[in-house]
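Peer 1: You'll find my_file-v5.txt just under this line, and it carries compact mmCIF, C-alpha atoms and all ligand atoms.
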# COMPACT_ATOMS: atom_id res chain seq x y z
CA MET I 1 91.37 85.82 103.85
CA ILE I 2 94.48 85.87 106.04
CA LEU I 3 94.30 89.37 107.56
CA GLN I 4 91.38 91.70 108.20
CA ALA I 5 91.51 95.25 109.53
CA GLU I 6 88.25 96.68 110.84
CA ASN I 7 87.68 100.35 111.51
CA LEU I 8 91.18 101.08 112.80
CA THR I 9 91.88 104.49 114.27
CA LYS I 10 94.95 106.25 115.68
CA SER I 11 95.23 109.89 116.75
CA PHE I 12 98.21 111.97 117.82
CA GLY I 13 96.80 114.75 119.95
CA GLY I 14 94.21 116.38 117.72
CA LEU I 15 95.52 114.77 114.52
CA ARG I 16 93.59 111.74 113.28
CA ALA I 17 96.43 109.96 111.44
CA VAL I 18 94.27 106.86 110.77
CA GLY I 19 90.54 107.48 110.84
CA GLY I 20 88.52 104.29 110.51
CA VAL I 21 90.43 102.14 108.02
CA SER I 22 89.12 98.71 106.98
CA PHE I 23 90.51 96.27 104.42
CA THR I 24 91.13 92.56 103.88
CA LEU I 25 94.24 90.74 102.68
CA GLU I 26 93.74 87.41 100.92
CA ALA I 27 96.23 84.55 101.23
CA ARG I 28 99.14 85.03 98.78
CA GLU I 29 97.80 88.41 97.72
CA ILE I 30 99.94 91.52 97.19
CA LEU I 31 97.80 94.39 98.44
CA GLY I 32 99.18 97.86 97.76
CA ILE I 33 98.67 100.70 100.22
CA ALA I 34 99.05 104.00 98.39
CA GLY I 35 98.45 107.63 99.28
CA PRO I 36 100.22 110.97 99.41
CA ASN I 37 102.82 111.78 102.07
CA GLY I 38 101.26 112.04 105.51
CA SER I 39 98.12 110.10 104.55
CA GLY I 40 98.63 107.55 107.34
CA LYS I 41 100.30 104.63 105.56
CA SER I 42 103.18 104.08 107.99
CA THR I 43 100.92 104.69 110.98
CA LEU I 44 98.65 101.94 109.62
CA PHE I 45 101.61 99.51 109.65
CA ASN I 46 102.52 100.64 113.15
CA ILE I 47 99.07 99.89 114.52
CA LEU I 48 98.78 96.59 112.61
CA THR I 49 102.00 95.32 114.18
CA GLY I 50 101.89 97.17 117.50
CA ILE I 51 105.35 98.56 116.71
CA PRO I 52 105.74 100.98 118.36
CA PHE I 53 102.04 101.39 119.27
CA GLY I 54 98.68 99.67 118.69
CA PRO I 55 95.41 101.27 117.48
CA ASP I 56 93.19 103.53 119.61
CA SER I 57 90.23 101.46 118.41
CA GLY I 58 89.29 98.85 115.84
CA ARG I 59 90.04 95.19 115.27
CA VAL I 60 92.75 93.24 113.47
CA VAL I 61 92.04 89.58 112.72
CA PHE I 62 94.96 87.38 111.62
CA GLU I 63 94.22 83.79 110.64
CA GLY I 64 90.98 83.93 112.59
CA ASN I 65 92.40 85.40 115.81
CA GLU I 66 92.06 88.96 117.09
CA ILE I 67 95.54 90.40 117.44
CA GLN I 68 95.11 94.12 118.11
CA SER I 69 96.10 93.63 121.74
CA VAL I 70 98.83 91.03 121.24
CA ALA I 71 102.32 92.20 122.26
CA PRO I 72 104.57 92.95 119.25
CA GLU I 73 107.14 90.27 120.14
CA ALA I 74 104.49 87.57 120.32
CA LEU I 75 102.92 88.87 117.12
CA SER I 76 106.10 88.67 115.08
CA ARG I 77 106.61 85.14 116.40
CA SER I 78 103.08 84.28 115.35
CA GLY I 79 103.67 85.13 111.70
CA ILE I 80 103.49 88.86 110.89
CA ALA I 81 106.73 90.69 110.12
CA ARG I 82 107.45 94.17 108.81
CA THR I 83 110.12 96.42 107.40
CA PHE I 84 110.41 100.12 108.17
CA GLN I 85 110.35 103.14 105.90
CA ARG I 86 113.64 104.34 107.38
CA GLU I 87 115.99 101.40 107.45
CA SER I 88 116.20 100.01 110.91
CA ILE I 89 119.40 98.01 111.12
CA PHE I 90 122.10 97.69 113.73
CA PRO I 91 124.86 99.68 111.98
CA SER I 92 127.69 98.32 114.09
CA LEU I 93 126.78 94.69 113.36
CA SER I 94 127.59 92.69 110.24
CA ALA I 95 124.77 91.67 107.88
CA VAL I 96 124.71 88.11 109.22
CA ASP I 97 124.62 89.34 112.82
CA ASN I 98 121.74 91.71 112.00
CA VAL I 99 119.67 88.81 110.71
CA LEU I 100 120.78 86.61 113.63
CA VAL I 101 119.11 89.07 116.00
CA SER I 102 115.81 88.31 114.24
CA VAL I 103 116.41 84.56 114.17
CA GLU I 104 117.03 84.63 117.91
CA HIS I 105 113.73 86.44 118.45
CA SER I 106 111.78 84.24 116.06
CA GLY I 107 110.85 81.45 118.40
CA ARG I 108 112.66 79.04 116.05
CA ARG I 109 115.93 79.49 117.83
CA GLY I 110 118.21 76.48 117.69
CA SER I 111 121.93 75.83 118.20
CA ASP I 112 124.35 78.60 117.19
CA ARG I 113 125.08 76.73 113.97
CA GLU I 114 121.41 76.30 113.14
CA ASN I 115 120.74 79.98 113.85
CA GLU I 116 123.57 81.07 111.60
CA ALA I 117 122.34 78.74 108.83
CA ALA I 118 118.85 80.27 109.16
CA ALA I 119 120.29 83.79 108.94
CA ILE I 120 122.28 82.91 105.84
CA ALA I 121 119.22 81.26 104.27
CA ALA I 122 117.22 84.49 104.81
CA LEU I 123 120.03 86.55 103.24
CA ASP I 124 120.12 84.14 100.27
CA ALA I 125 116.34 84.41 99.90
CA VAL I 126 116.63 88.15 99.23
CA GLY I 127 119.71 87.78 97.00
CA PHE I 128 122.03 89.53 99.46
CA PRO I 129 125.59 89.03 98.14
CA GLN I 130 127.78 86.63 100.12
CA THR I 131 130.73 88.99 99.74
CA LEU I 132 128.87 91.48 101.97
CA HIS I 133 127.78 89.01 104.68
CA ASN I 134 130.42 90.18 107.11
CA ALA I 135 130.72 93.79 106.00
CA PRO I 136 129.83 96.54 108.49
CA THR I 137 126.25 97.43 107.60
CA ALA I 138 126.64 101.17 108.28
CA THR I 139 128.45 101.54 104.97
CA LEU I 140 126.14 99.41 102.80
CA PRO I 141 124.45 101.07 99.79
CA ILE I 142 120.74 101.70 100.34
CA PHE I 143 119.56 98.81 98.14
CA PHE I 144 121.44 96.34 100.35
CA ARG I 145 120.25 97.99 103.55
CA LYS I 146 116.70 97.51 102.29
CA THR I 147 117.20 93.87 101.31
CA LEU I 148 118.98 93.27 104.62
CA MET I 149 115.94 94.62 106.45
CA MET I 150 113.77 92.26 104.37
CA ALA I 151 116.04 89.33 105.28
CA SER I 152 115.62 90.18 108.96
CA ALA I 153 111.84 90.17 108.50
CA LEU I 154 111.97 86.85 106.59
CA ALA I 155 114.04 85.31 109.38
CA MET I 156 110.86 85.46 111.49
CA SER I 157 109.21 83.03 108.98
CA PRO I 158 106.26 85.35 108.39
CA ARG I 159 103.07 84.36 106.58
CA VAL I 160 102.20 88.04 106.25
CA LEU I 161 104.93 90.53 105.37
CA LEU I 162 104.46 94.31 105.57
CA LEU I 163 106.85 96.33 103.41
CA ASP I 164 107.02 100.10 103.98
CA GLU I 165 108.31 101.87 100.85
CA PRO I 166 110.84 99.20 99.82
CA ALA I 167 111.51 101.02 96.53
CA SER I 168 111.97 104.58 97.81
CA SER I 169 115.38 106.12 96.99
CA LEU I 170 116.28 103.24 94.64
CA THR I 171 117.47 103.59 91.05
CA PRO I 172 115.16 102.34 88.25
CA GLY I 173 117.33 99.22 87.88
CA GLU I 174 117.20 98.52 91.61
CA ILE I 175 113.43 99.00 91.59
CA GLU I 176 113.18 96.22 88.98
CA HIS I 177 115.19 93.92 91.30
CA MET I 178 112.96 94.88 94.22
CA LYS I 179 109.82 94.10 92.18
CA ALA I 180 111.18 90.69 91.22
CA LEU I 181 112.04 89.98 94.85
CA ILE I 182 108.54 90.92 96.07
CA LEU I 183 106.96 88.65 93.45
CA LYS I 184 109.33 85.82 94.46
CA LEU I 185 108.31 86.15 98.11
CA ARG I 186 104.68 85.85 97.11
CA GLU I 187 105.54 82.75 95.03
CA ALA I 188 107.04 81.34 98.24
CA GLY I 189 103.55 81.64 99.77
CA ILE I 190 103.84 84.91 101.70
CA SER I 191 100.92 87.37 101.69
CA ILE I 192 102.15 90.93 101.30
CA LEU I 193 101.00 94.42 102.25
CA LEU I 194 103.05 96.86 100.22
CA ILE I 195 103.23 100.57 100.98
CA GLU I 196 104.51 102.75 98.19
CA HIS I 197 104.16 106.43 97.63
CA VAL I 198 104.99 106.00 93.94
CA LEU I 199 102.07 104.51 92.00
CA PRO I 200 103.86 102.89 89.01
CA LEU I 201 105.53 100.21 91.16
CA LEU I 202 102.23 99.37 92.81
CA MET I 203 100.52 99.18 89.43
CA THR I 204 102.80 96.41 88.22
CA VAL I 205 103.05 94.17 91.30
CA CYS I 206 99.80 94.54 93.23
CA ASP I 207 96.64 92.49 92.85
CA ARG I 208 94.57 95.25 94.47
CA LEU I 209 95.19 98.73 95.80
CA VAL I 210 93.88 100.64 98.81
CA VAL I 211 94.41 104.40 98.63
CA LEU I 212 94.55 106.52 101.79
CA ASP I 213 94.15 110.26 102.06
CA GLN I 214 94.17 112.07 105.39
CA GLY I 215 93.83 108.77 107.24
CA LYS I 216 90.82 107.49 105.33
CA VAL I 217 90.34 104.99 102.50
CA ILE I 218 89.32 107.02 99.45
CA ALA I 219 89.43 104.19 96.90
CA GLN I 220 90.12 100.47 96.67
CA GLY I 221 89.99 97.85 93.96
CA LEU I 222 91.93 96.80 90.87
CA PRO I 223 95.00 99.01 90.28
CA THR I 224 93.84 100.17 86.85
CA GLU I 225 90.44 101.21 88.25
CA VAL I 226 91.88 102.90 91.32
CA VAL I 227 94.41 105.12 89.55
CA ALA I 228 91.68 106.36 87.21
CA ASP I 229 89.47 107.35 90.16
CA PRO I 230 89.09 111.16 90.22
CA LYS I 231 89.38 111.17 94.05
CA VAL I 232 92.80 109.49 93.77
CA VAL I 233 94.00 111.82 91.03
CA GLU I 234 92.93 114.80 93.13
CA ALA I 235 94.62 113.51 96.32
CA TYR I 236 97.93 113.07 94.48
CA LEU I 237 97.69 116.39 92.65
CA GLY I 238 96.75 118.20 95.82
CA GLN I 239 99.96 117.39 97.71
P1 LIG N 301 102.62 108.32 105.50
O1 LIG N 301 103.38 107.09 105.89
O2 LIG N 301 101.42 108.05 104.67
O3 LIG N 301 103.51 109.35 104.85
P2 LIG N 301 102.38 108.69 108.37
O4 LIG N 301 101.56 107.54 108.81
O5 LIG N 301 103.83 108.64 108.61
O6 LIG N 301 102.07 109.00 106.82
O7 LIG N 301 101.83 110.01 109.06
C1 LIG N 301 100.45 110.35 109.08
C2 LIG N 301 100.27 111.59 109.90
O8 LIG N 301 100.50 111.29 111.28
C3 LIG N 301 101.24 112.71 109.54
O9 LIG N 301 100.56 113.94 109.69
C4 LIG N 301 102.34 112.56 110.58
O10 LIG N 301 102.98 113.79 110.82
C5 LIG N 301 101.56 112.07 111.80
N1 LIG N 301 102.36 111.21 112.68
C6 LIG N 301 102.87 110.00 112.36
N2 LIG N 301 103.51 109.43 113.40
C7 LIG N 301 103.41 110.32 114.42
C8 LIG N 301 103.87 110.33 115.80
N3 LIG N 301 104.54 109.29 116.30
N4 LIG N 301 103.57 111.42 116.54
C9 LIG N 301 102.86 112.45 116.03
N5 LIG N 301 102.40 112.51 114.77
C10 LIG N 301 102.67 111.46 113.97
MG MG N 302 105.30 106.52 105.56
Can you give me the file's structure in the form of structure tokens?
Peer 2:
Amino acid sequence: MILQAENLTKSFGGLRAVGGVSFTLEAREILGIAGPNGSGKSTLFNILTGIPFGPDSGRVVFEGNEIQSVAPEALSRSGIARTFQRESIFPSLSAVDNVLVSVEHSGRRGSDRENEAAAIAALDAVGFPQTLHNAPTATLPIFFRKTLMMASALAMSPRVLLLDEPASSLTPGEIEHMKALILKLREAGISILLIEHVLPLLMTVCDRLVVLDQGKVIAQGLPTEVVADPKVVEAYLGQ
């Protein structure tokens, strides 16, 4: 087990966005986090990483250490990195410079040449085309903005990677590329938490699924078992 969440909660005013969520992530596992819109998936990632806020209560244990109070910068240096549901890139910077920002915050910062080589290696790892390395990122198609965001996360050398809806807004062909990329990252030894609203992608890449509804875990287990669970069917139909 590489990551364990215990009874995490987060409220916004009177709204309990995450209401006592517990799960474990095994080393090199791909654990899917599913659930209808508004069920608390992104908030769960926020409180796991402290970006932009930690949990109200509960514990997060990463490689044996409690991390729920560790500052986000220190946490990403210690081996947990994430992507965001809405692409968070610096639109005025080139692709390489976007990833360089991560390299320079990774705690593995070296000479300028070493940093640039690390940024390019992260872009290569996600299959980002060399012809776009120096293009202004504001104009990139969504697939490349998503893989760029993954390259920035990989530049932190994470052992746990949190992906928030990496396949949303992609074409079916792009989703196949994204699936292959996620499986390749796991082959490289990274343990992955994968949020997706759409169940079919999760079904084909995840080892296990956790399903949230209204901030609570309503089902978890093997993907085939979970999608057949009447509680899950009802939560998805009810939205
Ligand atoms: P999901 O990612 O599953 O679609 P979210 O975690 O984004 O769901 O949201 C869960 C609930 O918490 C929603 O009702 C949402 O409106 C609310 N919420 C999320 N972030 C905030 C915030 N920063 N302030 C207030 N409410 C929020
Ligand atoms: Mg979300």
Peer 1: Which is closer to I:Val18 than all the others in I:Leu3, I:Val217, I:Met203, I:Leu209, using only C-alpha atoms?
Peer 2: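 Using only C-alpha atoms, the shortest distance to I:Val18 belongs to I:Val217.
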Peer 1: At a cut-off of 9 Å around ligand MG 302 (chain N), and using all atoms listed in the file, what residues come up? Please write them as a PyMOL selection string.
Peer 2: chain I and resi 37-43+45+84-86+164-165+195-197
Peer 1: Save out the residues we just selected, C-alpha atoms, as a short mmCIF file (atom, residue, chain, number, x, y, z; two decimals), in the frame of the given file.
Peer 2:
data_model
loop_
_atom_site.label_atom_id
_atom_site.label_comp_id
_atom_site.auth_asym_id
_atom_site.auth_seq_id
_atom_site.Cartn_x
_atom_site.Cartn_y
_atom_site.Cartn_z
CA ASN I 37 102.82 111.78 102.07
CA GLY I 38 101.26 112.04 105.51
CA SER I 39 98.12 110.10 104.55
CA GLY I 40 98.63 107.55 107.34
CA LYS I 41 100.30 104.63 105.56
CA SER I 42 103.18 104.08 107.99
CA THR I 43 100.92 104.69 110.98
CA PHE I 45 101.61 99.51 109.65
CA PHE I 84 110.41 100.12 108.17
CA GLN I 85 110.35 103.14 105.90
CA ARG I 86 113.64 104.34 107.38
CA ASP I 164 107.02 100.10 103.98
CA GLU I 165 108.31 101.87 100.85
CA ILE I 195 103.23 100.57 100.98
CA GLU I 196 104.51 102.75 98.19
CA HIS I 197 104.16 106.43 97.63
#
Peer 1: Find the residues near stretch 100-114 of chain I: any atom within 9 Å, counting all atoms listed in the file, skip ones fewer than 4 places away on the same chain, and give them as a list in words.
Peer 2: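 So, after excluding close chain neighbours, the residues are Glu73, Ser76, Arg77, Ser78, Ala95, Val96, Ala118, Ala119, Ile120, Ser152, Ala153, Leu154, Ala155, Met156 and Ser157 of chain I.
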Peer 1: What does the structure give for the distance between atom CA of I:Arg186 and atom CA of I:Arg28, in Å to one decimal?
Peer 2: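 Going from atom CA of I:Arg186 over to atom CA of I:Arg28, I get 5.8 Å.
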Peer 1: When distances are computed from all atoms listed in the file, which of I:Leu183, I:Leu148, I:Leu222, I:Val211 shows the smallest separation from ligand LIG 301 (chain N)?
Peer 2: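 Of I:Leu183, I:Leu148, I:Leu222, I:Val211, the one nearest ligand LIG 301 (chain N) is I:Val211, counting all atoms listed in the file.
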Peer 1: Please list, as number ranges by chain, the residues that have an atom at most 12 Å away from (108.1, 91.9, 103.6) in the coordinates of this file, counting only C-alpha atoms.
Peer 2: I: 30-31, 45, 79-85, 122, 125-126, 146-166, 178-179, 181-186, 188-195
Peer 1: Check the smallest atom-to-atom distance from each of I:Pro52, I:Gly32, I:Gly215, I:Gly13 to I:Leu201 using only C-alpha atoms, then report the winner.
Peer 2: I:Gly32
Peer 1: Once you count all atoms listed in the file, which residues end up no further than 7 Å from (88.1, 93.3, 110.6) in the file's frame, shown as a list in words?
Peer 2: Gln4, Ala5, Glu6, Ser22, Arg59, Val60 and Val61 of chain I
Peer 1: Between I:Ile175, I:Ala138, I:Ile51, I:Ala167, which is the closest to ligand LIG 301 (chain N) once you count only C-alpha atoms and all ligand atoms?
Peer 2: I:Ile51
Peer 1: Quick one: distance from atom CA of I:Pro55 to atom CA of I:Asp207 in Å, one decimal?
Peer 2: 26.2 Å
Peer 1: Record the distance separating atom CA of I:Asn134 and atom CA of I:Leu170, expressed in Å with one decimal.
Peer 2: 22.9 Å
Peer 1: Do you know which residues are at most 9 Å from stretch 218-221 of chain I counting only C-alpha atoms, after dropping those on the same chain fewer than 3 positions away, and could you put them as a list of chain:residue names?
Peer 2: I:Phe23, I:Asp207, I:Arg208, I:Leu209, I:Val210, I:Val211, I:Leu212, I:Asp213, I:Thr224, I:Glu225, I:Val226, I:Val227, I:Asp229, I:Lys231, I:Val232, I:Ala235
Peer 1: Give me a file of those residues, with C-alpha atoms, as a PDB file, keeping the file's coordinate frame.
Peer 2:
ATOM      1  CA  PHE I  23      90.510  96.270 104.420  1.00  0.00           C
ATOM      2  CA  ASP I 207      96.640  92.490  92.850  1.00  0.00           C
ATOM      3  CA  ARG I 208      94.570  95.250  94.470  1.00  0.00           C
ATOM      4  CA  LEU I 209      95.190  98.730  95.800  1.00  0.00           C
ATOM      5  CA  VAL I 210      93.880 100.640  98.810  1.00  0.00           C
ATOM      6  CA  VAL I 211      94.410 104.400  98.630  1.00  0.00           C
ATOM      7  CA  LEU I 212      94.550 106.520 101.790  1.00  0.00           C
ATOM      8  CA  ASP I 213      94.150 110.260 102.060  1.00  0.00           C
ATOM      9  CA  THR I 224      93.840 100.170  86.850  1.00  0.00           C
ATOM     10  CA  GLU I 225      90.440 101.210  88.250  1.00  0.00           C
ATOM     11  CA  VAL I 226      91.880 102.900  91.320  1.00  0.00           C
ATOM     12  CA  VAL I 227      94.410 105.120  89.550  1.00  0.00           C
ATOM     13  CA  ASP I 229      89.470 107.350  90.160  1.00  0.00           C
ATOM     14  CA  LYS I 231      89.380 111.170  94.050  1.00  0.00           C
ATOM     15  CA  VAL I 232      92.800 109.490  93.770  1.00  0.00           C
ATOM     16  CA  ALA I 235      94.620 113.510  96.320  1.00  0.00           C
TER      17      ALA I 235
END
Peer 1: Find the smallest box with edges along x, y and z containing every listed atom of stretch 161-174 of chain I, then add 4 Å on each side and report centre and edge lengths in Å to one decimal, as lines of an AutoDock Vina configuration file.
Peer 2:
center_x = 111.0
center_y = 98.3
center_z = 96.7
size_x = 21.0
size_y = 23.6
size_z = 25.7
